[in-house]
Structures are given as C-alpha cells and as structure tokens.
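**Q** Sharing target.tsv below, TSV, C-alpha atoms and all ligand atoms:
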```tsv
chain	number	residue	atom	x	y	z
A	214	MET	CA	-54.24	-59.32	18.31
A	215	TRP	CA	-54.57	-62.93	17.42
A	216	VAL	CA	-51.45	-64.88	16.55
A	217	VAL	CA	-51.40	-67.85	14.18
A	218	GLY	CA	-48.91	-70.72	13.99
A	219	THR	CA	-46.16	-68.64	12.44
A	220	LEU	CA	-45.69	-65.06	13.44
A	221	MET	CA	-47.32	-63.57	10.38
A	222	GLU	CA	-51.07	-63.39	10.09
A	223	ILE	CA	-52.13	-64.30	6.56
A	224	VAL	CA	-55.37	-62.92	5.16
A	225	ILE	CA	-56.42	-64.12	1.70
A	226	ARG	CA	-59.13	-62.29	-0.25
A	227	THR	CA	-60.51	-62.86	-3.74
A	228	ASP	CA	-58.99	-60.01	-5.70
A	229	TYR	CA	-57.30	-56.63	-5.67
A	230	GLY	CA	-60.46	-54.73	-4.72
A	231	ALA	CA	-61.05	-57.06	-1.79
A	232	ILE	CA	-57.50	-56.69	-0.42
A	233	SER	CA	-57.80	-52.91	-0.73
A	234	ASP	CA	-61.07	-53.07	1.25
A	235	GLU	CA	-59.47	-55.29	3.85
A	236	ALA	CA	-56.43	-53.03	4.24
A	237	PHE	CA	-58.66	-49.99	4.64
A	238	ARG	CA	-60.68	-51.81	7.29
A	239	ILE	CA	-57.41	-52.36	9.18
A	240	VAL	CA	-56.42	-48.69	8.81
A	241	GLU	CA	-59.81	-47.53	10.10
A	242	GLY	CA	-59.56	-49.87	13.08
A	243	GLU	CA	-56.10	-48.62	13.97
A	244	VAL	CA	-56.95	-44.93	13.70
A	245	ALA	CA	-60.16	-45.41	15.69
A	246	ARG	CA	-58.04	-46.81	18.52
A	247	ARG	CA	-55.35	-44.15	18.21
A	248	PRO	CA	-56.29	-40.95	16.31
A	249	ALA	CA	-52.71	-39.61	16.52
A	250	LEU	CA	-51.44	-42.72	14.73
A	251	VAL	CA	-47.98	-42.54	13.14
A	252	VAL	CA	-48.26	-44.13	9.70
A	253	GLY	CA	-45.52	-45.28	7.31
A	254	LEU	CA	-46.61	-45.29	3.67
A	255	ALA	CA	-45.33	-47.42	0.81
A	256	THR	CA	-45.86	-46.22	-2.75
A	257	GLY	CA	-45.80	-48.46	-5.86
A	258	ARG	CA	-48.96	-49.79	-7.53
A	259	THR	CA	-50.21	-52.16	-4.87
A	260	PRO	CA	-51.41	-49.76	-2.13
A	261	LEU	CA	-53.17	-47.38	-4.55
A	262	GLY	CA	-56.54	-49.11	-4.08
A	263	LEU	CA	-56.17	-48.70	-0.33
A	264	TYR	CA	-55.23	-45.04	-0.75
A	265	GLU	CA	-58.25	-44.46	-3.00
A	266	ARG	CA	-60.58	-45.77	-0.30
A	267	TRP	CA	-58.68	-43.93	2.41
A	268	ALA	CA	-58.73	-40.62	0.51
A	269	ALA	CA	-62.53	-40.89	0.17
A	270	SER	CA	-62.98	-41.58	3.87
A	271	LYS	CA	-65.26	-39.38	5.95
A	272	ARG	CA	-63.25	-40.04	9.06
A	273	SER	CA	-60.77	-37.37	10.13
A	274	PHE	CA	-57.10	-38.26	9.86
A	275	LYS	CA	-56.00	-34.78	10.83
A	276	ARG	CA	-54.22	-35.94	13.95
A	277	ALA	CA	-52.37	-38.79	12.27
A	278	ARG	CA	-48.76	-38.27	11.22
A	279	PHE	CA	-47.39	-39.63	7.97
A	280	PHE	CA	-43.92	-40.82	6.97
A	281	ASN	CA	-42.94	-42.41	3.68
A	282	LEU	CA	-40.96	-45.56	3.26
A	283	ASP	CA	-38.67	-44.52	0.45
A	284	GLU	CA	-37.93	-42.09	-2.36
A	285	PHE	CA	-35.79	-41.98	-5.51
A	286	VAL	CA	-32.58	-40.00	-5.09
A	287	GLY	CA	-32.57	-36.90	-7.27
A	288	LEU	CA	-36.32	-36.39	-7.55
A	289	GLY	CA	-37.97	-33.33	-6.04
A	290	PRO	CA	-41.50	-33.45	-4.61
A	291	GLU	CA	-42.99	-32.11	-7.85
A	292	HIS	CA	-41.41	-34.75	-10.12
A	293	ALA	CA	-44.14	-36.92	-11.63
A	294	GLY	CA	-42.17	-40.08	-10.77
A	295	SER	CA	-41.53	-39.12	-7.15
A	296	PHE	CA	-43.23	-41.05	-4.38
A	297	HIS	CA	-43.64	-37.72	-2.66
A	298	ARG	CA	-45.96	-36.47	-5.36
A	299	THR	CA	-47.93	-39.70	-5.59
A	300	LEU	CA	-48.58	-39.78	-1.86
A	301	ARG	CA	-49.50	-36.12	-1.75
A	302	GLU	CA	-51.92	-36.34	-4.67
A	303	ARG	CA	-53.44	-39.73	-3.91
A	304	LEU	CA	-53.77	-39.50	-0.16
A	305	LEU	CA	-52.43	-36.59	1.84
A	306	ALA	CA	-54.03	-33.71	-0.08
A	307	PRO	CA	-57.49	-35.34	-0.31
A	308	LEU	CA	-57.31	-36.12	3.43
A	309	ARG	CA	-56.25	-32.53	4.13
A	310	VAL	CA	-53.46	-33.64	6.41
A	311	PRO	CA	-51.88	-30.50	7.90
A	312	PRO	CA	-48.30	-30.04	6.62
A	313	ARG	CA	-46.99	-30.21	10.19
A	314	ASN	CA	-48.06	-33.86	10.28
A	315	VAL	CA	-46.34	-34.86	7.03
A	316	PHE	CA	-42.74	-36.10	7.08
A	317	LEU	CA	-41.80	-37.32	3.63
A	318	LEU	CA	-38.28	-38.20	2.52
A	319	ARG	CA	-37.12	-35.96	-0.28
A	320	GLY	CA	-34.94	-37.18	-3.11
A	321	ASP	CA	-33.58	-33.77	-4.09
A	322	VAL	CA	-31.35	-33.30	-1.07
A	323	LYS	CA	-27.64	-32.55	-1.35
A	324	ASP	CA	-26.55	-35.28	1.00
A	325	PRO	CA	-28.99	-38.24	0.96
A	326	ASP	CA	-27.14	-40.14	3.70
A	327	LYS	CA	-27.32	-37.14	6.00
A	328	ALA	CA	-31.02	-36.75	5.18
A	329	ALA	CA	-31.53	-40.44	5.94
A	330	ALA	CA	-29.89	-40.13	9.36
A	331	ALA	CA	-31.98	-37.01	10.09
A	332	TYR	CA	-35.12	-38.91	9.07
A	333	GLU	CA	-34.40	-41.61	11.65
A	334	LYS	CA	-34.17	-38.91	14.30
A	335	VAL	CA	-37.48	-37.31	13.32
A	336	LEU	CA	-39.06	-40.76	13.31
A	337	ARG	CA	-37.77	-41.47	16.78
A	338	ALA	CA	-38.98	-38.08	18.03
A	339	ALA	CA	-42.45	-38.93	16.69
A	340	GLY	CA	-42.39	-42.09	18.83
A	341	GLY	CA	-41.80	-44.51	15.94
A	342	ILE	CA	-44.21	-45.92	13.36
A	343	ASP	CA	-47.47	-47.38	14.66
A	344	LEU	CA	-48.73	-48.74	11.35
A	345	GLN	CA	-46.46	-49.45	8.40
A	346	ILE	CA	-48.02	-50.17	5.00
A	347	LEU	CA	-45.79	-52.25	2.71
A	348	GLY	CA	-45.75	-53.81	-0.72
A	349	VAL	CA	-43.21	-56.39	-1.87
A	350	GLY	CA	-41.06	-56.38	-5.00
A	351	ARG	CA	-40.83	-59.46	-7.21
A	352	ASN	CA	-37.29	-59.90	-5.94
A	353	GLY	CA	-38.48	-59.80	-2.32
A	354	HIS	CA	-37.53	-56.22	-1.50
A	355	ILE	CA	-39.51	-54.25	1.08
A	356	GLY	CA	-39.01	-50.53	0.81
A	357	PHE	CA	-36.02	-50.37	-1.49
A	358	ASN	CA	-34.08	-52.87	0.59
A	359	GLU	CA	-32.88	-55.00	-2.26
A	360	PRO	CA	-31.84	-58.65	-1.77
A	361	GLY	CA	-28.71	-58.85	0.37
A	362	SER	CA	-29.65	-55.83	2.50
A	363	SER	CA	-28.76	-56.18	6.14
A	364	LEU	CA	-31.71	-57.32	8.22
A	365	GLY	CA	-30.63	-54.73	10.80
A	366	SER	CA	-30.30	-51.84	8.32
A	367	ARG	CA	-31.53	-48.31	9.05
A	368	THR	CA	-32.69	-45.53	6.71
A	369	ARG	CA	-29.94	-44.99	4.13
A	370	THR	CA	-29.27	-44.83	0.39
A	371	LYS	CA	-29.43	-48.04	-1.62
A	372	THR	CA	-28.45	-48.87	-5.16
A	373	LEU	CA	-31.43	-50.20	-7.09
A	374	THR	CA	-31.17	-53.46	-9.01
A	375	ASP	CA	-31.93	-53.44	-12.73
A	376	GLU	CA	-34.94	-55.63	-12.00
A	377	THR	CA	-36.38	-52.95	-9.74
A	378	ARG	CA	-35.56	-50.18	-12.22
A	379	ALA	CA	-37.26	-52.16	-14.98
A	380	ALA	CA	-40.37	-52.53	-12.81
A	381	HIS	CA	-40.55	-48.71	-12.60
A	382	ALA	CA	-39.73	-48.03	-16.26
A	383	GLU	CA	-43.33	-47.36	-17.24
A	384	ALA	CA	-43.71	-44.47	-14.81
A	385	PHE	CA	-40.53	-42.84	-16.14
A	386	GLY	CA	-40.98	-43.56	-19.86
A	387	SER	CA	-37.93	-45.84	-20.02
A	388	MET	CA	-35.63	-47.77	-17.71
A	389	ASP	CA	-32.74	-45.37	-18.44
A	390	ARG	CA	-34.67	-42.58	-16.79
A	391	VAL	CA	-35.30	-44.52	-13.57
A	392	PRO	CA	-32.88	-43.28	-10.88
A	393	ARG	CA	-30.15	-45.69	-9.81
A	394	PHE	CA	-30.33	-44.81	-6.14
A	395	ALA	CA	-33.03	-44.48	-3.53
A	396	ILE	CA	-33.32	-43.49	0.11
A	397	THR	CA	-35.19	-46.14	2.03
A	398	MET	CA	-36.10	-46.99	5.58
A	399	GLY	CA	-33.95	-49.96	6.55
A	400	ILE	CA	-35.22	-53.43	7.37
A	401	GLY	CA	-34.33	-52.76	11.03
A	402	THR	CA	-36.35	-49.54	10.86
A	403	ILE	CA	-39.35	-51.36	9.36
A	404	LEU	CA	-39.17	-54.13	11.97
A	405	GLU	CA	-39.53	-51.49	14.71
A	406	ALA	CA	-42.97	-50.46	13.44
A	407	ARG	CA	-45.58	-51.65	15.93
A	408	TYR	CA	-47.81	-53.12	13.27
A	409	VAL	CA	-46.88	-53.99	9.69
A	410	VAL	CA	-49.45	-54.62	6.97
A	411	LEU	CA	-48.03	-55.96	3.72
A	412	LEU	CA	-50.18	-56.08	0.58
A	413	ALA	CA	-49.53	-58.29	-2.44
A	414	SER	CA	-51.63	-58.80	-5.53
A	415	GLY	CA	-51.39	-60.82	-8.70
A	416	GLU	CA	-49.78	-63.97	-9.99
A	417	GLU	CA	-46.45	-62.17	-10.58
A	418	LYS	CA	-46.02	-61.96	-6.80
A	419	ALA	CA	-46.96	-65.58	-6.06
A	420	GLN	CA	-43.42	-67.01	-5.95
A	421	VAL	CA	-41.97	-64.24	-3.83
A	422	VAL	CA	-44.93	-64.38	-1.45
A	423	ARG	CA	-44.25	-68.09	-0.95
A	424	ARG	CA	-40.55	-67.49	-0.27
A	425	MET	CA	-41.30	-64.58	2.03
A	426	ILE	CA	-43.89	-66.40	4.15
A	427	GLU	CA	-42.94	-70.07	3.95
A	428	GLY	CA	-39.22	-69.91	3.20
A	429	PRO	CA	-36.33	-69.28	5.57
A	430	VAL	CA	-35.64	-65.83	7.00
A	431	THR	CA	-32.87	-64.53	4.77
A	432	ALA	CA	-31.45	-61.25	3.55
A	433	GLU	CA	-31.85	-62.74	0.05
A	434	VAL	CA	-35.61	-62.22	0.49
A	435	PRO	CA	-35.83	-59.05	2.58
A	436	GLY	CA	-39.60	-59.46	3.09
A	437	SER	CA	-38.92	-62.73	4.95
A	438	ALA	CA	-37.64	-60.58	7.83
A	439	LEU	CA	-41.30	-59.95	8.66
A	440	GLN	CA	-41.42	-63.51	10.02
A	441	LEU	CA	-39.48	-62.05	12.95
A	442	HIS	CA	-42.04	-59.33	13.54
A	443	PRO	CA	-44.45	-59.82	16.44
A	444	ARG	CA	-47.37	-58.18	14.67
A	445	ALA	CA	-47.42	-58.42	10.90
A	446	THR	CA	-50.33	-59.15	8.58
A	447	ALA	CA	-49.97	-60.12	4.92
A	448	VAL	CA	-53.11	-59.28	2.96
A	449	LEU	CA	-52.99	-61.28	-0.28
A	450	ASP	CA	-55.33	-61.81	-3.16
A	451	GLU	CA	-55.93	-65.36	-4.42
A	452	ALA	CA	-53.41	-64.96	-7.25
A	453	ALA	CA	-50.62	-63.73	-4.96
A	454	ALA	CA	-51.41	-66.55	-2.48
A	455	SER	CA	-51.60	-69.24	-5.16
A	456	ALA	CA	-48.11	-70.73	-4.58
A	457	LEU	CA	-48.41	-71.02	-0.77
A	458	ALA	CA	-48.09	-74.65	0.28
A	459	ARG	CA	-50.31	-74.01	3.31
A	460	ARG	CA	-52.81	-71.82	1.50
A	461	ASP	CA	-55.83	-73.87	2.61
A	462	TYR	CA	-54.54	-73.90	6.18
A	463	TRP	CA	-54.18	-70.10	6.21
A	464	LYS	CA	-57.69	-69.70	4.86
A	465	TRP	CA	-59.17	-72.07	7.41
A	466	VAL	CA	-57.34	-70.26	10.18
A	467	ALA	CA	-58.61	-66.84	9.07
A	468	GLU	CA	-62.20	-68.07	8.83
A	469	ASN	CA	-62.20	-69.98	12.09
A	470	LYS	CA	-60.22	-67.90	14.52
A	471	TRP	CA	-63.47	-66.85	16.20
A	472	ARG	CA	-63.66	-70.44	17.53
A	473	VAL	CA	-60.73	-69.89	19.90
A	474	GLY	CA	-62.15	-69.96	23.40
A	475	GLN	CA	-65.61	-71.21	22.21
A	501	LIG	C1	-42.64	-48.59	-2.68
A	501	LIG	C2	-41.72	-49.64	-2.25
A	501	LIG	C3	-41.55	-50.92	-2.96
A	501	LIG	C4	-42.84	-51.48	-3.55
A	501	LIG	C5	-42.56	-52.75	-4.34
A	501	LIG	C6	-43.80	-53.30	-4.99
A	501	LIG	O1	-42.65	-47.51	-1.78
A	501	LIG	O2	-41.06	-49.43	-1.28
A	501	LIG	O3	-41.00	-51.88	-2.07
A	501	LIG	O4	-43.75	-51.72	-2.52
A	501	LIG	O5	-41.61	-52.49	-5.32
A	501	LIG	O6	-44.23	-52.41	-5.97
A	501	LIG	P1	-45.64	-52.58	-6.66
A	501	LIG	O7	-46.66	-52.38	-5.61
A	501	LIG	O8	-45.68	-51.50	-7.70
A	501	LIG	O9	-45.66	-53.96	-7.23
```
Could you write out this structure as structure tokens?
**A**
Amino acid sequence: MWVVGTLMEIVIRTDYGAISDEAFRIVEGEVARRPALVVGLATGRTPLGLYERWAASKRSFKRARFFNLDEFVGLGPEHAGSFHRTLRERLLAPLRVPPRNVFLLRGDVKDPDKAAAAYEKVLRAAGGIDLQILGVGRNGHIGFNEPGSSLGSRTRTKTLTDETRAAHAEAFGSMDRVPRFAITMGIGTILEARYVVLLASGEEKAQVVRRMIEGPVTAEVPGSALQLHPRATAVLDEAAASALARRDYWKWVAENKWRVGQ
C-alpha cells in the first residue's frame, strides 16, 4: 500500500462509470490476493455500478464471505426496500455465493439489539472484515451512523434522521413508509476493517466529501473518522471531488506515485 500525506488515499476519476470501474479493479486485486476475502457491503445507489461489474465477473468469488453494513428495522429479506434483497439480487445471486458464506443483517428480527450483538460475534468469528465497501450520506453518515454517532460505536440500532429517510423516500414510495430505525455496523466496527473503500459520486456529495476528507475528525461528520484509518481509499468522481481545496494536489499525487523511489 502506498500512503499519501493524509491517511486517506484519494482517487479521482471522471464520472460514475469510471469510479465503478476503479472500485471493481480494487475488488479484483483484493480477491486475487486473498480468495477467502471477508467483504462488507454497503447498499444505496452509489455502489450499484460496482456491483453490476462484479456480478458480471468471470472470476470465482465462491470462497469469499459477505456481510452487509446495515439494514432497515422491520424489513424482511423479501421486502423490495430491504438492503438484503438488493444485495442478493444485484450481487450475491449472480455470483452464486453459497449461502454458508452470506451473513446479512435482517431487519425482521424480534430483538434488533440482540441481533446486532450476535452479528458482531459472527463477524469476529469470521476474522473481521478484510474489505469494506462504503458510500457516504449527504449528512456525512457512513452505514447508518448518523451525525453525532460515537466514533467507537459497534453494531446496534440507530434512529434515522429525516434527511436520511427523505433520501430513501423514492424506493419506498413516500417518506412516511421509510422505517425510522436501522441496524448498522458501528463506526468502531467499520474502522476495524482492514481496508475501506468509500465511493462518492455527484455534485450533491461535494460538500460532505470536502468535510469528510479535509475537515476535522468529528462525530458530526461520521465519515471523517476514516481519516483515522490506516488503509482507506476514497474513490470520487470529478463532481464529488469538486469542492476539495487540494483537489489538484490529490490528482497529481495519484498520477505520480509511481515516481517514488525512481
Ligand atoms: C447504505 C448505507 C448508506 C449509504 C449512503 C449513501 O448501506 O449504509 O450509508 O451508503 O446513504 O447512499 P447513496 O449511495 O444512495 O447516495
């Protein structure tokens, strides 16, 4: 791994297709090194391009194990709005991942906090996450760790902000139908992943990307906790990177890192 001036590696690509290509290149590299990779999957819109490429891959991911980052409380795996269903349909079924290698949080459990604690145990037994895929909410959340979440938090239930519920309204038909609670890996859980790859696309993410990468580490911007991570890469398209003060620096660094040691 090659480390830049801050702890996060910043990769800027032209558009959404290009960041999806880049993220898939990273996934392929990681699984080539370690076929029994333990992967943590975000849902939301941003990683869908990556999952499309991944699902079409000829490489076998049969030995990899898959966890999800979060799920809406109350939704079963068949619910059209559940992350469970999205991940199964978009990635896990096309890849033919054996069920024994799939560990997805369920929203339709009786006691979500108990399920969250059990999930942490299963995760530990699997040896922890090797590669965590993340998106970022416009309010800075990673997973469903809304602003103000403890930077040391573990998997647990969280109350969603109205901003987050509004962002999901389309998938549910209206904001009223979006669940108020979610189970999410905590920020502490995410920080324990060995490698974190965060994707962000579009102008609507530009301000939060700037705060997350160039602002102070603060629970007010949960994604900023990644500045503490020893191996994190942010893969951004030009629009999402457009508010970075050091955008040209990051680009120069990414294009010239081969010079180190020349
Ligand atoms: C999804 C998740 C969320 C999303 C974030 C961005 O599993 O945990 O943190 O990554 O809300 O969502 P999109 O990609 O739809 O903009």
**Q** What residues have an atom no more than 8 Å from (-57.0, -38.7, 5.9) in the file's own frame, counting all atoms listed in the file, and can you write them as a ChimeraX atom specification?
**A** /A:267-268,270,272-275,277,304-305,307-310
**Q** Could I get the residue neighbourhood of ligand LIG 501 (chain A) at 9 Å, counting all atoms listed in the file, as an MDAnalysis selection string?
**A** chainID A and resid 254:261 281:284 296 346:359 377 380:381 397:398 411:414 417:418
**Q** Which residues are close to Gln420 (chain A), i.e. within 9 Å by all atoms listed in the file, leaving aside same-chain residues fewer than 6 positions away? Reply as a list in words.
**A**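 Contacts, in chain order: Arg351, Ala453, Ala454, Ser455, Ala456 and Leu457 of chain A.
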**Q** Between CA of Thr372 (chain A) and CA of Pro360 (chain A), what is the distance in Å, rounded to a tenth?
**A**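 Separating CA of Thr372 (chain A) from CA of Pro360 (chain A) is a distance of 10.9 Å.
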**Q** Do a neighbour search on region 231-248 of chain A at 6 Å with all atoms listed in the file, toss out local chain neighbours closer than 5 positions, and write the hits as a list in words.
**A**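 The neighbour list is Arg226, Gly262, Leu263 and Arg276 of chain A.
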**Q** Report, in Å with one decimal, the straight-line distance from CA of Lys470 (chain A) to CA of Arg407 (chain A).
**A**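 Atom-to-atom, CA of Lys470 (chain A) to CA of Arg407 (chain A), that is 21.9 Å.
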**Q** When you draw a straight line from CA of Arg313 (chain A) to CA of Phe279 (chain A), how long is it in Å?
**A** 9.7 Å
**Q** Excluding same-chain residues fewer than 3 positions from Val430 (chain A), what lies within 12 Å of it counting only C-alpha atoms, as a ChimeraX atom specification?
**A** /A:220,353,360-361,363-364,423-427,433-442
**Q** Counting only C-alpha atoms, note down every residue that has an atom within 6 Å of the point (-37.6, -34.3, -3.7) (file coordinates), as a ChimeraX atom specification.
**A** /A:288-290,319-321
**Q** Taking all atoms listed in the file into account, which of A:Pro325, A:Gly341, A:Pro443, A:Gly230 comes nearest Arg278 (chain A)?
**A**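 That would be A:Gly341, the residue with the smallest distance to Arg278 (chain A).
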**Q** From the options A:Val466, A:Leu336, A:Ala447, A:Ala269, which residue's atoms come nearest to Val409 (chain A), counting all atoms listed in the file?
**A**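 Ranking A:Val466, A:Leu336, A:Ala447, A:Ala269 by distance to Val409 (chain A), first place goes to A:Ala447.
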**Q** Residues near region 400-406 of chain A, anyone? I mean within 6 Å using all atoms listed in the file, not counting same-chain ones fewer than 6 positions away, as a PDB file with C-alpha atoms, in the frame of the given file.
**A**
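Result went into result_12.pdb, see below:
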```pdb
ATOM      1  CA  ILE A 342     -44.210 -45.920  13.360  1.00  0.00           C
ATOM      2  CA  ASP A 343     -47.470 -47.380  14.660  1.00  0.00           C
ATOM      3  CA  LEU A 364     -31.710 -57.320   8.220  1.00  0.00           C
ATOM      4  CA  GLY A 365     -30.630 -54.730  10.800  1.00  0.00           C
ATOM      5  CA  SER A 366     -30.300 -51.840   8.320  1.00  0.00           C
ATOM      6  CA  ARG A 367     -31.530 -48.310   9.050  1.00  0.00           C
TER       7      ARG A 367
END
```
**Q** Report as number ranges by chain all protein, DNA and RNA residues lying within 8 Å of Arg378 (chain A), evaluated on only C-alpha atoms, omitting residues in the same chain fewer than 2 positions from it.
**A** A: 373-376, 380-382, 388, 391-393
**Q** Listed atoms of region 429-442 of chain A, axis-aligned box, 3 Å per side: centre and edge lengths to one decimal in Å, as JSON?
**A**
```
{"center_x": -36.7, "center_y": -64.2, "center_z": 6.8, "size_x": 16.6, "size_y": 16.2, "size_z": 19.5}
```
**Q** For a quick check of understanding, using only C-alpha atoms, which of A:Leu300, A:Val286, A:Val448, A:Val252 has the smallest distance to Ala339 (chain A)?
**A**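 The shortest atom-to-atom distance to Ala339 (chain A) comes from A:Val252.
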**Q** May I ask which of the residues A:Pro311, A:Glu416, A:Phe316, A:Val224 is the closest one to His297 (chain A), counting only C-alpha atoms?
**A**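 Nearest candidate to His297 (chain A) out of A:Pro311, A:Glu416, A:Phe316, A:Val224: A:Phe316.
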